[in-house]
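J.: So that we are looking at the same thing, I have put the structure below in structure tokens.
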Amino acid sequence: MPREQTHAKWRYGIRMQAQDAEQAAEISVLVPALNEEDSIRQVIERVLAIPMKVEVIVIDDGSSDKTAEIMRSFADKIVCIHNEKRQGKGAAIVRGLAKATGRVVIIQDADLEYLPEEIPSVVGPILAGKESVVYGTRFAHGMPKSMALPNKLVNILLAWAVRLLYFRRMTDEATCYKAFRLDVIQGMDLQCKRFEFCPEATAKAIRMGNHILEVPISYTARTTMEGKKIRWTDAPHAFLTLARYRFWRKNGSKPSSG
């Protein structure tokens, strides 16, 4: 091949690599959604408006309302995944994770209990290379007044369960805002199907030797009448999941000291 063509091909390759680097997402935001037609549009718009390189992955978990239709209207800006039949929040997250390419992965519920504008403060320590796992805690300044009493009690007990089982002090194990370095969450081999994603991810993050940093976030609880899916009756599955993975060990890794 002539030298001029070789140099041109080399320059083209360097230019394409630079363009890929510019377009690469800093964060992948996974949005599992089930019958959230009232809020999904606003959630997507607000996540897209975050002043970062964001990859938005919305997983419709068999919705019977207009959720899928609304999310498809953003098809040129987001990654759309659709489950024909309901599989559960955990299964939806696992499907979305398979498409994630960002340096950091964070979960965003499809309602507005959590503010998308606070995502940068949660993922910031990971992008800065200081942490590999960060949780947004709703309880940095006490329990939210809008949260139902049974939910408050369950959250307190879950935090204590982590202390007793894993010897780690946490204030908010069940927060939606869980952020992970991509390779960390990909290495968890998640088996969750429903709401046990939270305790499974927490347990495996600790067992893989990761420190979990908690940063304060805002939170406005919604009621069952407003569409809240999780119930306090889901709590037994969370406690059992924490116990189940107490001695879990990633293949080829050293167990954590906790």
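Quick note on naming: the chains in the structure tokens go A, B, ... in the order shown, residues restart at 1 in each chain, and ligands are numbered from 1 in order of appearance.
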When DSSP is applied to the backbone of this structure, which of region 31-81 of chain A are assigned strand (DSSP E)? Write them out as a ChimeraX atom specification.
T.: /A:31-33,54-61,79-81
J.: May I have the residues within 8 Å of Gln108 (chain A) as a list of chain:residue names, using only C-alpha atoms and disregarding those fewer than 2 positions away in the same chain?
T.: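 Non-adjacent residues within range: A:Val29, A:Leu30, A:Val31, A:Pro32, A:Ile106, A:Ala110, A:Tyr114, A:Pro116, A:Cys176, A:Tyr177.
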J.: Please produce a file of the residues just selected, as a compact mmCIF listing (two decimals), in the first residue's frame, where the atoms kept are N, CA and C atoms.
T.:
```txt
# COMPACT_ATOMS: atom_id res chain seq x y z
N VAL A 29 -27.91 5.40 32.58
CA VAL A 29 -29.03 5.50 33.52
C VAL A 29 -30.06 4.46 33.13
N LEU A 30 -30.26 3.46 33.99
CA LEU A 30 -31.24 2.40 33.73
C LEU A 30 -32.57 2.79 34.36
N VAL A 31 -33.63 2.80 33.54
CA VAL A 31 -34.95 3.23 34.02
C VAL A 31 -35.95 2.09 33.82
N PRO A 32 -36.13 1.21 34.82
CA PRO A 32 -37.18 0.19 34.72
C PRO A 32 -38.54 0.85 34.90
N ILE A 106 -26.25 3.81 36.97
CA ILE A 106 -27.10 4.19 38.09
C ILE A 106 -28.55 3.85 37.74
N ALA A 110 -38.95 5.18 37.46
CA ALA A 110 -39.72 5.90 36.44
C ALA A 110 -40.76 6.85 37.02
N TYR A 114 -37.44 10.39 43.20
CA TYR A 114 -36.04 10.82 43.20
C TYR A 114 -35.84 11.86 42.10
N PRO A 116 -33.85 13.50 39.16
CA PRO A 116 -32.77 13.23 38.21
C PRO A 116 -31.64 14.25 38.28
N CYS A 176 -33.14 3.73 45.81
CA CYS A 176 -33.12 3.47 44.37
C CYS A 176 -31.80 3.93 43.77
N TYR A 177 -31.29 5.08 44.25
CA TYR A 177 -30.08 5.66 43.67
C TYR A 177 -28.84 4.88 44.11
```
J.: Which residue out of A:Ala148, A:Val184, A:Leu213, A:Leu240 has the minimum interatomic distance to Pro199 (chain A) when only C-alpha atoms are used?
T.: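 Of A:Ala148, A:Val184, A:Leu213, A:Leu240, the one nearest Pro199 (chain A) is A:Leu240, counting only C-alpha atoms.
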J.: Using only C-alpha atoms, which protein or nucleic acid residues come within 9 Å of Lys85 (chain A)? Drop anything in the same chain fewer than 6 positions from it, and give the result as a list of chain:residue names.
T.: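 Near Lys85 (chain A), the qualifying residues are A:Asp61, A:Gly62, A:Ser63.
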J.: Determine, counting only C-alpha atoms, which protein, DNA and RNA residues have an atom within 8 Å of an atom of Leu190 (chain A); residues of the same chain fewer than 6 positions away are not included. Present the result as a PyMOL selection string.
T.: chain A and resi 94+197+200-201
J.: Just to be explicit: take each residue in the selection above, keep C-alpha atoms, and write the result as a PDB file, in the first residue's frame.
T.:
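Saved the output as selection11.pdb:
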```
ATOM      1  CA  VAL A  94     -30.478  -7.026  34.293  1.00  0.00           C
ATOM      2  CA  PHE A 197     -32.154  -6.265  43.310  1.00  0.00           C
ATOM      3  CA  GLU A 200     -28.451  -8.546  46.196  1.00  0.00           C
ATOM      4  CA  ALA A 201     -26.451  -5.629  44.795  1.00  0.00           C
TER       5      ALA A 201
END
```
J.: How far is it from CA of Ala205 (chain A) to CA of Val154 (chain A), in Å with one decimal?
T.: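 One can read the CA of Ala205 (chain A) to CA of Val154 (chain A) distance as 21.0 Å.
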J.: Find the distance between CA of Ala243 (chain A) and CA of Leu165 (chain A) and write it in Å to one decimal.
T.: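 Going from CA of Ala243 (chain A) over to CA of Leu165 (chain A) covers 7.2 Å.
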J.: Here is a test: counting only C-alpha atoms, which residue of A:Phe180, A:Phe74, A:Tyr166, A:Trp160 is nearest to Arg246 (chain A)?
T.: A:Tyr166
J.: Mind giving me the straight-line distance from CA of Asp65 (chain A) to CA of Leu115 (chain A) in Å, one decimal?
T.: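 Between these atoms lies a distance of 23.3 Å.
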J.: I'd like the neighbourhood of Ala140 (chain A) as a PDB file with C-alpha atoms, in the first residue's frame, where a residue qualifies if any of its atoms comes within 9 Å (using only C-alpha atoms), though same-chain residues fewer than 3 positions away should be ignored.
T.:
```pdb
ATOM      1  CA  THR A 137     -29.228   8.168  51.077  1.00  0.00           C
ATOM      2  CA  MET A 143     -36.759   9.962  57.966  1.00  0.00           C
ATOM      3  CA  THR A 171     -28.289   4.480  56.576  1.00  0.00           C
ATOM      4  CA  ASP A 172     -30.216   3.555  53.403  1.00  0.00           C
ATOM      5  CA  GLU A 214     -23.478   7.338  50.882  1.00  0.00           C
ATOM      6  CA  VAL A 215     -24.294  10.883  49.737  1.00  0.00           C
ATOM      7  CA  PRO A 216     -27.405  12.873  50.742  1.00  0.00           C
ATOM      8  CA  ILE A 217     -30.288  13.082  48.254  1.00  0.00           C
TER       9      ILE A 217
END
```
J.: Neighbouring residues of Ala33 (chain A) were defined as those with any atom within 9 Å, considering only C-alpha atoms; residues of the same chain fewer than 2 positions away were excluded. Please report them as a ChimeraX atom specification.
T.: /A:31,35-36,40,58-63,67-68,89,92,109-111
J.: Please provide the set of residues having any atom within 10 Å of Gln186 (chain A), restricted to only C-alpha atoms, with same-chain residues fewer than 3 positions apart removed, written as a list in words.
T.: Val94, Leu97, Ala98, Ala100, Val105, Phe180, Arg181, Leu182, Asp183, Asp189 and Leu190 of chain A
J.: Nearest to Ile44 (chain A) among A:Val104, A:Ala235, A:Ile206, A:Leu112, with distances taken over only C-alpha atoms: which residue is it?
T.: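 Smallest distance to Ile44 (chain A) is found for A:Leu112.
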J.: Please give the complete set of residues from region 28-124 of chain A that DSSP, run on the backbone, assigns to helix (DSSP H, G or I), formatted as a PyMOL selection string.
T.: chain A and resi 40-48+67-72+89-97+116-124
